[in-house]
Amino acid sequence: MRGESVVVVGAGQAGCQVAVSLREQGHRGPITIVGDERAAPYQRPPLTKAYLAGETDLAGLVLRQDSYYDDHGIKLVRDERVIGVDRQARVAVLGCARTVSYDHLVFATGARPRPLPVPGAEHVLNLRTIADADAIKQKLDGQVGLDVVVIGGGFIGLEFAAVVRKLRHEVTVVETQPQVMQRALSAETAKHLAARHRSEGVEILAGKSIAAVKEGFVELTDGTVLVADLVVAGIGVIPNSEVAQRAGLAVDNGIIVDAHLRTVDPRIHAVGDCARFASPLTGGLTRLESVQNATDQGTTVASAILGSAEPYTALPWFWSDQYDVKLQIAGLTDGHDRTVTVGDPAEGRFSVFCFRGDRLIGIEAYNRPIDFLMGRRILEAGSSLTPEIVARPGFDLRTSQQQAA
Ligand SMILES: Cc1cc2nc3c(=O)[nH]c(=O)nc-3n(C[C@H](O)[C@H](O)[C@H](O)COP(=O)(O)OP(=O)(O)OC[C@H]3O[C@@H](n4cnc5c(N)ncnc54)[C@H](O)[C@@H]3O)c2cc1C
């Protein structure tokens, strides 16, 4: 196994992790990462946080220094796309027509912003890459009081809104759902986050849709016109799975893989935002967009290439920073039907325990990092907490397992 060659398609969080973990686990064969961005693999989360706020630069974002790749015999091909994979010949075809042969290939192609399906979408900027962030920074730098319209009240849209507000611009968030973060969070947490944005002076127009974007303004379907010096959309992503599909692999909202992150071709895996995997947690096919998922899946696939038979079972977790709010989510809260809130929402420190029936499926910790850390452990161990136990006066997560016993 040790001398086999690995080609990683996509030089992001997950792709980089595959290569790093392969070397850490003793793989000696050639590793090539092909990425279509100019920058070496970097972290995306700071793009809507410290990078946009001007508190860090690209050097502070890169996952490994340039010398790391040379020192560890990892060939990093930048600014180049893989346009095809010939599974018979076991070669990846690059945009320059060069081919790279492989014993194992890993798709780590991530996802791209979902385009806004309205007239004038060319006036809208997205925020996925460092190039996107630089284009936005260019519009904002040296200015104050610009009218900024954010389309989409999800993680990206709200984090962006928080930073732009801190930079003293006027911000309006337009969200089609009745509440921001409707799909990602419980109603309780979403309500407090929206209130926090409003208290910072962000206008949130929920339950509204965009009719068109024009130079200098945005039209809503109800006839409202918003002045806009800058329009940024964060309305979700589309997984980059076209190359896998052309190679004859199953694709449906992501590259379909089994619990070992393997496609139907045993020599090809998929990891990170592009992978829709058989999840023991949900009992179905799941696609996640988070740093935790990208890194843990990268490590799992490196082990699989080196012969491990362990499936991917890591507990998902997420975080978001907005103003001084640290939101941390352990588990998957999607699909909950009951919640119990612990702590003091009025003081901006609380946790929402999300249940499906009597089963705890996730915890949203709003400025309660201990709950997040304890919650992760409890969920990983298989929680026996019920809504009744959590709702008891004086409930304490630190001693909760005894209380549940
Ligand atoms: C602005 C922003 C903020 C975020 N904040 C958070 C956060 O706070 N917490 C959190 O957990 N997650 C956050 N995320 C999500 C997290 O960054 C992603 O889930 C993670 O980057 C996914 O890693 P990935 O390697 O799967 O994909 P990516 O990081 O997208 O990397 C995929 C790479 O593959 C390249 N590629 C695609 N196709 C090809 C091809 N054919 N050939 C060559 N290269 C190709 C892409 O251009 C890209 O460079 C954020 C994301 C964004 C955009």
# chains A, B, ... in the order shown; residues from 1 in each chain; ligands from 1

$ closest_atom_pairs --of "chain A" --to "ligand 1" --cutoff "7 Å" --atoms "only C-alpha atoms and all ligand atoms" --output "Markdown table"
| residue | atom | partner | partner_atom_place_in_ligand_line | distance |
| --- | --- | --- | --- | --- |
| A:Val9 | CA | ligand 1 | 43 (C) | 5.3 |
| A:Gly10 | CA | ligand 1 | 34 (O) | 3.2 |
| A:Ala11 | CA | ligand 1 | 33 (C) | 4.8 |
| A:Gly12 | CA | ligand 1 | 31 (O) | 3.3 |
| A:Gln13 | CA | ligand 1 | 25 (O) | 3.8 |
| A:Ala14 | CA | ligand 1 | 25 (O) | 3.6 |
| A:Gly15 | CA | ligand 1 | 25 (O) | 5.4 |
| A:Val34 | CA | ligand 1 | 43 (C) | 5.2 |
| A:Gly35 | CA | ligand 1 | 44 (N) | 3.6 |
| A:Asp36 | CA | ligand 1 | 44 (N) | 4.1 |
| A:Glu37 | CA | ligand 1 | 49 (O) | 5.4 |
| A:Gln43 | CA | ligand 1 | 17 (O) | 6.3 |
| A:Arg44 | CA | ligand 1 | 17 (O) | 4.3 |
| A:Pro45 | CA | ligand 1 | 5 (N) | 3.4 |
| A:Pro46 | CA | ligand 1 | 3 (C) | 6.4 |
| A:Leu47 | CA | ligand 1 | 1 (C) | 4.8 |
| A:Thr48 | CA | ligand 1 | 1 (C) | 4.8 |
| A:Glu80 | CA | ligand 1 | 43 (C) | 6.0 |
| A:Arg81 | CA | ligand 1 | 42 (N) | 3.5 |
| A:Val82 | CA | ligand 1 | 42 (N) | 4.0 |
| A:Ile83 | CA | ligand 1 | 41 (N) | 5.6 |
| A:Ala108 | CA | ligand 1 | 25 (O) | 5.4 |
| A:Thr109 | CA | ligand 1 | 34 (O) | 3.7 |
| A:Gly110 | CA | ligand 1 | 27 (O) | 3.3 |
| A:Ala111 | CA | ligand 1 | 30 (O) | 5.2 |
| A:Leu127 | CA | ligand 1 | 1 (C) | 5.5 |
| A:Arg128 | CA | ligand 1 | 53 (C) | 3.8 |
| A:Thr129 | CA | ligand 1 | 53 (C) | 6.5 |
| A:Ile156 | CA | ligand 1 | 1 (C) | 5.7 |
| A:Asn240 | CA | ligand 1 | 38 (N) | 5.7 |
| A:Val243 | CA | ligand 1 | 41 (N) | 6.3 |
| A:Val271 | CA | ligand 1 | 26 (O) | 6.3 |
| A:Gly272 | CA | ligand 1 | 26 (O) | 3.4 |
| A:Asp273 | CA | ligand 1 | 26 (O) | 3.9 |
| A:Cys274 | CA | ligand 1 | 26 (O) | 5.9 |
| A:Glu289 | CA | ligand 1 | 19 (O) | 3.7 |
| A:Ser290 | CA | ligand 1 | 19 (O) | 3.4 |
| A:Val291 | CA | ligand 1 | 11 (O) | 4.0 |
| A:Gln292 | CA | ligand 1 | 11 (O) | 5.9 |
| A:Ala294 | CA | ligand 1 | 23 (O) | 5.1 |
| A:Phe318 | CA | ligand 1 | 11 (O) | 4.6 |
| A:Trp319 | CA | ligand 1 | 9 (N) | 4.9 |
| A:Ser320 | CA | ligand 1 | 8 (O) | 4.5 |
| A:Asp321 | CA | ligand 1 | 8 (O) | 6.7 |

$ select_by_dssp --residues "range 29-260 of chain A" --states "helix (DSSP H, G or I)" --output "VMD selection string"
chain A and resid 45 to 48 58 to 60 66 to 71 121 to 123 130 to 140 155 to 166 187 to 199 242 to 246

$ write_last_selection --atoms "C-alpha atoms" --output "mmCIF file, in the first residue's frame"
data_model
loop_
_atom_site.group_PDB
_atom_site.id
_atom_site.type_symbol
_atom_site.label_atom_id
_atom_site.label_comp_id
_atom_site.auth_asym_id
_atom_site.auth_seq_id
_atom_site.Cartn_x
_atom_site.Cartn_y
_atom_site.Cartn_z
ATOM 1 C CA PRO A 45 -14.146 30.888 7.960
ATOM 2 C CA PRO A 46 -12.060 34.066 8.510
ATOM 3 C CA LEU A 47 -13.245 35.400 5.138
ATOM 4 C CA THR A 48 -16.491 36.521 6.797
ATOM 5 C CA LEU A 58 -3.707 35.679 3.543
ATOM 6 C CA ALA A 59 -0.582 34.583 5.411
ATOM 7 C CA GLY A 60 -2.755 34.219 8.511
ATOM 8 C CA ASP A 66 4.495 26.736 1.221
ATOM 9 C CA SER A 67 7.604 24.938 2.485
ATOM 10 C CA TYR A 68 5.441 22.263 4.151
ATOM 11 C CA TYR A 69 4.412 20.804 0.787
ATOM 12 C CA ASP A 70 8.003 20.583 -0.475
ATOM 13 C CA ASP A 71 9.296 19.255 2.832
ATOM 14 C CA ALA A 121 -27.507 38.919 -10.807
ATOM 15 C CA GLU A 122 -24.270 40.129 -12.414
ATOM 16 C CA HIS A 123 -24.365 43.085 -9.972
ATOM 17 C CA ILE A 130 -10.231 34.844 -1.053
ATOM 18 C CA ALA A 131 -10.694 36.458 -4.479
ATOM 19 C CA ASP A 132 -14.372 37.070 -3.610
ATOM 20 C CA ALA A 133 -13.395 38.571 -0.238
ATOM 21 C CA ASP A 134 -10.803 40.818 -1.901
ATOM 22 C CA ALA A 135 -13.378 42.068 -4.416
ATOM 23 C CA ILE A 136 -15.722 42.962 -1.534
ATOM 24 C CA LYS A 137 -12.942 44.542 0.508
ATOM 25 C CA GLN A 138 -12.018 46.687 -2.460
ATOM 26 C CA LYS A 139 -15.550 48.118 -2.504
ATOM 27 C CA LEU A 140 -15.603 48.747 1.258
ATOM 28 C CA PHE A 155 -24.465 31.802 8.354
ATOM 29 C CA ILE A 156 -22.535 33.544 5.580
ATOM 30 C CA GLY A 157 -25.012 36.399 5.176
ATOM 31 C CA LEU A 158 -25.261 37.161 8.890
ATOM 32 C CA GLU A 159 -21.531 36.888 9.597
ATOM 33 C CA PHE A 160 -20.914 39.206 6.676
ATOM 34 C CA ALA A 161 -23.613 41.606 7.945
ATOM 35 C CA ALA A 162 -22.007 41.712 11.413
ATOM 36 C CA VAL A 163 -18.555 42.588 10.083
ATOM 37 C CA VAL A 164 -19.831 45.170 7.619
ATOM 38 C CA ARG A 165 -21.879 46.790 10.364
ATOM 39 C CA LYS A 166 -18.766 46.951 12.550
ATOM 40 C CA ALA A 187 -36.522 29.175 16.319
ATOM 41 C CA GLU A 188 -35.356 30.245 19.790
ATOM 42 C CA THR A 189 -31.706 30.750 18.831
ATOM 43 C CA ALA A 190 -32.594 32.309 15.473
ATOM 44 C CA LYS A 191 -34.916 34.794 17.183
ATOM 45 C CA HIS A 192 -32.172 35.965 19.562
ATOM 46 C CA LEU A 193 -29.612 36.238 16.806
ATOM 47 C CA ALA A 194 -31.981 38.333 14.691
ATOM 48 C CA ALA A 195 -32.708 40.567 17.706
ATOM 49 C CA ARG A 196 -28.979 40.996 18.249
ATOM 50 C CA HIS A 197 -28.490 42.107 14.633
ATOM 51 C CA ARG A 198 -31.377 44.545 14.922
ATOM 52 C CA SER A 199 -29.928 45.976 18.141
ATOM 53 C CA GLU A 242 -19.570 17.650 -12.376
ATOM 54 C CA VAL A 243 -16.158 16.014 -12.919
ATOM 55 C CA ALA A 244 -17.230 13.023 -10.810
ATOM 56 C CA GLN A 245 -20.488 12.796 -12.741
ATOM 57 C CA ARG A 246 -18.679 12.825 -16.093
#

$ closest_residue --among "A:Thr341, A:Thr282, A:Gln65, A:Thr333" --to "Asp371 in chain A" --atoms "only C-alpha atoms"
A:Thr341

$ select_by_dssp --residues "range 104-305 of chain A" --states "strand (DSSP E)" --output "ChimeraX atom specification"
/A:104-107,111-113,147-151,170-175,203-206,210-214,217-220,225-227,230-233,237-239,255-257,268-270,275-278,285-286

$ write_last_selection --atoms "N, CA and C atoms" --output "compact mmCIF listing (two decimals), in the first residue's frame"
# COMPACT_ATOMS: atom_id res chain seq x y z
N HIS A 104 -5.08 5.96 -6.15
CA HIS A 104 -6.27 6.42 -5.42
C HIS A 104 -6.53 7.87 -5.80
N LEU A 105 -7.80 8.19 -6.00
CA LEU A 105 -8.15 9.58 -6.28
C LEU A 105 -9.20 10.02 -5.26
N VAL A 106 -9.06 11.26 -4.78
CA VAL A 106 -10.01 11.79 -3.80
C VAL A 106 -10.60 13.08 -4.34
N PHE A 107 -11.92 13.11 -4.46
CA PHE A 107 -12.58 14.36 -4.81
C PHE A 107 -12.75 15.18 -3.54
N ALA A 111 -17.69 23.32 -2.87
CA ALA A 111 -18.97 23.78 -3.40
C ALA A 111 -18.81 25.22 -3.87
N ARG A 112 -19.76 25.68 -4.66
CA ARG A 112 -19.69 27.06 -5.14
C ARG A 112 -21.01 27.76 -4.81
N PRO A 113 -20.99 29.09 -4.72
CA PRO A 113 -22.22 29.79 -4.35
C PRO A 113 -23.34 29.54 -5.35
N ASP A 147 -24.45 51.85 1.61
CA ASP A 147 -25.66 51.03 1.75
C ASP A 147 -25.34 49.63 1.21
N VAL A 148 -25.36 48.66 2.12
CA VAL A 148 -25.01 47.29 1.74
C VAL A 148 -26.25 46.41 1.90
N VAL A 149 -26.61 45.71 0.83
CA VAL A 149 -27.74 44.78 0.91
C VAL A 149 -27.19 43.36 0.90
N VAL A 150 -27.60 42.59 1.89
CA VAL A 150 -27.17 41.19 2.00
C VAL A 150 -28.37 40.33 1.64
N ILE A 151 -28.20 39.47 0.66
CA ILE A 151 -29.31 38.60 0.26
C ILE A 151 -29.08 37.22 0.87
N GLU A 170 -24.22 50.84 6.42
CA GLU A 170 -25.65 50.57 6.66
C GLU A 170 -25.98 49.21 6.04
N VAL A 171 -26.59 48.32 6.80
CA VAL A 171 -26.78 46.95 6.31
C VAL A 171 -28.25 46.55 6.34
N THR A 172 -28.74 46.04 5.23
CA THR A 172 -30.08 45.45 5.18
C THR A 172 -29.94 43.99 4.74
N VAL A 173 -30.54 43.10 5.51
CA VAL A 173 -30.52 41.67 5.15
C VAL A 173 -31.91 41.31 4.63
N VAL A 174 -31.95 40.71 3.45
CA VAL A 174 -33.23 40.27 2.88
C VAL A 174 -33.26 38.74 2.92
N GLU A 175 -34.29 38.22 3.56
CA GLU A 175 -34.39 36.76 3.75
C GLU A 175 -35.78 36.30 3.30
N GLU A 203 -30.92 46.17 9.49
CA GLU A 203 -32.34 45.99 9.17
C GLU A 203 -32.52 44.60 8.58
N ILE A 204 -33.46 43.84 9.14
CA ILE A 204 -33.71 42.50 8.60
C ILE A 204 -35.10 42.50 7.99
N LEU A 205 -35.16 42.22 6.69
CA LEU A 205 -36.44 42.12 6.01
C LEU A 205 -36.69 40.64 5.76
N ALA A 206 -37.45 40.02 6.66
CA ALA A 206 -37.71 38.58 6.55
C ALA A 206 -39.00 38.36 5.77
N ILE A 210 -36.38 38.81 -3.67
CA ILE A 210 -35.76 39.75 -4.61
C ILE A 210 -36.43 39.61 -5.97
N ALA A 211 -36.80 40.72 -6.58
CA ALA A 211 -37.35 40.69 -7.94
C ALA A 211 -36.24 40.92 -8.95
N ALA A 212 -35.38 41.88 -8.67
CA ALA A 212 -34.29 42.20 -9.60
C ALA A 212 -33.23 43.02 -8.89
N VAL A 213 -32.02 42.95 -9.44
CA VAL A 213 -30.93 43.78 -8.94
C VAL A 213 -30.50 44.68 -10.08
N LYS A 214 -30.37 45.97 -9.79
CA LYS A 214 -29.92 46.91 -10.82
C LYS A 214 -28.73 47.67 -10.27
N PHE A 217 -29.31 49.67 -6.92
CA PHE A 217 -30.46 49.33 -6.06
C PHE A 217 -30.97 47.92 -6.31
N VAL A 218 -31.79 47.50 -5.32
CA VAL A 218 -32.36 46.15 -5.34
C VAL A 218 -33.88 46.30 -5.27
N GLU A 219 -34.59 45.60 -6.13
CA GLU A 219 -36.07 45.64 -6.10
C GLU A 219 -36.59 44.36 -5.47
N LEU A 220 -37.51 44.50 -4.52
CA LEU A 220 -38.16 43.34 -3.92
C LEU A 220 -39.46 43.06 -4.65
N VAL A 225 -37.97 49.25 -2.91
CA VAL A 225 -36.68 49.47 -3.59
C VAL A 225 -35.64 49.82 -2.52
N LEU A 226 -34.53 49.09 -2.51
CA LEU A 226 -33.46 49.34 -1.54
C LEU A 226 -32.26 49.93 -2.26
N VAL A 227 -31.80 51.04 -1.77
CA VAL A 227 -30.57 51.63 -2.33
C VAL A 227 -29.41 50.70 -1.96
N LEU A 230 -23.56 48.18 -2.54
CA LEU A 230 -22.94 46.85 -2.64
C LEU A 230 -24.01 45.80 -2.33
N VAL A 231 -24.09 44.77 -3.16
CA VAL A 231 -25.04 43.68 -2.92
C VAL A 231 -24.23 42.38 -2.83
N VAL A 232 -24.40 41.68 -1.72
CA VAL A 232 -23.69 40.40 -1.53
C VAL A 232 -24.72 39.33 -1.22
N ALA A 233 -24.61 38.20 -1.90
CA ALA A 233 -25.58 37.12 -1.68
C ALA A 233 -24.92 35.94 -0.98
N VAL A 237 -25.13 26.87 -1.43
CA VAL A 237 -24.08 26.45 -2.36
C VAL A 237 -24.53 25.26 -3.20
N ILE A 238 -23.78 25.06 -4.28
CA ILE A 238 -23.99 23.89 -5.14
C ILE A 238 -22.70 23.07 -5.08
N PRO A 239 -22.77 21.80 -4.70
CA PRO A 239 -21.53 21.00 -4.63
C PRO A 239 -20.90 20.85 -6.01
N ILE A 255 -21.41 14.22 -4.36
CA ILE A 255 -20.90 12.94 -4.87
C ILE A 255 -21.30 11.87 -3.85
N ILE A 256 -22.01 10.85 -4.33
CA ILE A 256 -22.54 9.84 -3.40
C ILE A 256 -21.43 8.88 -2.97
N VAL A 257 -21.26 8.77 -1.66
CA VAL A 257 -20.27 7.84 -1.12
C VAL A 257 -20.90 7.03 0.02
N ILE A 268 -11.78 5.48 -5.65
CA ILE A 268 -12.14 6.90 -5.61
C ILE A 268 -13.00 7.20 -4.38
N HIS A 269 -12.56 8.20 -3.60
CA HIS A 269 -13.30 8.67 -2.43
C HIS A 269 -13.74 10.12 -2.67
N ALA A 270 -14.62 10.60 -1.81
CA ALA A 270 -14.98 12.03 -1.83
C ALA A 270 -15.09 12.51 -0.39
N ALA A 275 -19.15 15.95 -0.70
CA ALA A 275 -19.47 14.53 -0.48
C ALA A 275 -20.83 14.36 0.19
N ARG A 276 -21.67 13.53 -0.38
CA ARG A 276 -22.95 13.18 0.28
C ARG A 276 -22.81 11.72 0.73
N PHE A 277 -22.66 11.57 2.02
CA PHE A 277 -22.23 10.27 2.56
C PHE A 277 -23.34 9.57 3.33
N ALA A 278 -23.21 8.26 3.42
CA ALA A 278 -24.16 7.46 4.21
C ALA A 278 -23.81 7.66 5.68
N LEU A 285 -28.50 9.69 3.51
CA LEU A 285 -27.39 10.39 2.86
C LEU A 285 -27.35 11.82 3.37
N THR A 286 -26.18 12.27 3.76
CA THR A 286 -26.02 13.59 4.37
C THR A 286 -24.86 14.32 3.72

$ closest_residue --among "A:Ala184, A:Gly84, A:Thr300, A:Gly142" --to "Gly335 in chain A" --atoms "only C-alpha atoms"
A:Ala184

$ closest_residue --among "A:Val352, A:Pro393, A:Gln328, A:Gly357" --to "Pro369 in chain A" --atoms "only C-alpha atoms"
A:Gln328

$ atom_distance --atom1 "CA of Ser303 in chain A" --atom2 "CA of Ser21 in chain A"
7.8 Å

$ decode --residues "range 11-30 of chain A" --atoms "N, CA and C atoms" --output "tab-separated table (two decimals), in the first residue's frame"
chain	number	residue	atom	x	y	z
A	11	ALA	N	-7.92	21.85	-3.69
A	11	ALA	CA	-6.93	22.20	-2.66
A	11	ALA	C	-7.56	23.10	-1.61
A	12	GLY	N	-8.58	22.58	-0.95
A	12	GLY	CA	-9.23	23.32	0.14
A	12	GLY	C	-8.95	22.65	1.47
A	13	GLN	N	-9.84	22.88	2.42
A	13	GLN	CA	-9.67	22.35	3.78
A	13	GLN	C	-9.60	20.82	3.77
A	14	ALA	N	-10.51	20.19	3.05
A	14	ALA	CA	-10.58	18.73	3.06
A	14	ALA	C	-9.42	18.11	2.27
A	15	GLY	N	-9.15	18.68	1.10
A	15	GLY	CA	-8.08	18.13	0.25
A	15	GLY	C	-6.74	18.21	0.94
A	16	CYS	N	-6.47	19.36	1.55
A	16	CYS	CA	-5.21	19.54	2.27
A	16	CYS	C	-5.10	18.51	3.40
A	17	GLN	N	-6.22	18.30	4.11
A	17	GLN	CA	-6.20	17.37	5.24
A	17	GLN	C	-5.90	15.94	4.79
A	18	VAL	N	-6.43	15.55	3.63
A	18	VAL	CA	-6.14	14.19	3.12
A	18	VAL	C	-4.63	14.02	2.99
A	19	ALA	N	-3.98	15.01	2.36
A	19	ALA	CA	-2.54	14.91	2.11
A	19	ALA	C	-1.76	14.92	3.43
A	20	VAL	N	-2.13	15.86	4.32
A	20	VAL	CA	-1.42	15.96	5.61
A	20	VAL	C	-1.58	14.67	6.40
A	21	SER	N	-2.79	14.13	6.46
A	21	SER	CA	-3.02	12.91	7.24
A	21	SER	C	-2.32	11.71	6.61
A	22	LEU	N	-2.28	11.67	5.29
A	22	LEU	CA	-1.56	10.56	4.64
A	22	LEU	C	-0.10	10.55	5.10
A	23	ARG	N	0.53	11.72	5.06
A	23	ARG	CA	1.94	11.77	5.48
A	23	ARG	C	2.06	11.47	6.98
A	24	GLU	N	1.15	12.03	7.77
A	24	GLU	CA	1.22	11.79	9.23
A	24	GLU	C	1.07	10.31	9.55
A	25	GLN	N	0.28	9.62	8.71
A	25	GLN	CA	0.04	8.20	8.98
A	25	GLN	C	1.06	7.30	8.27
A	26	GLY	N	2.07	7.91	7.68
A	26	GLY	CA	3.20	7.13	7.17
A	26	GLY	C	3.15	6.77	5.69
A	27	HIS	N	2.23	7.36	4.93
A	27	HIS	CA	2.18	7.06	3.51
A	27	HIS	C	3.44	7.58	2.81
A	28	ARG	N	4.05	6.73	2.01
A	28	ARG	CA	5.32	7.14	1.38
A	28	ARG	C	5.20	7.38	-0.12
A	29	GLY	N	4.06	7.02	-0.69
A	29	GLY	CA	3.90	7.17	-2.14
A	29	GLY	C	3.68	8.62	-2.54
A	30	PRO	N	3.68	8.87	-3.87
A	30	PRO	CA	3.50	10.25	-4.35
A	30	PRO	C	2.10	10.78	-4.03
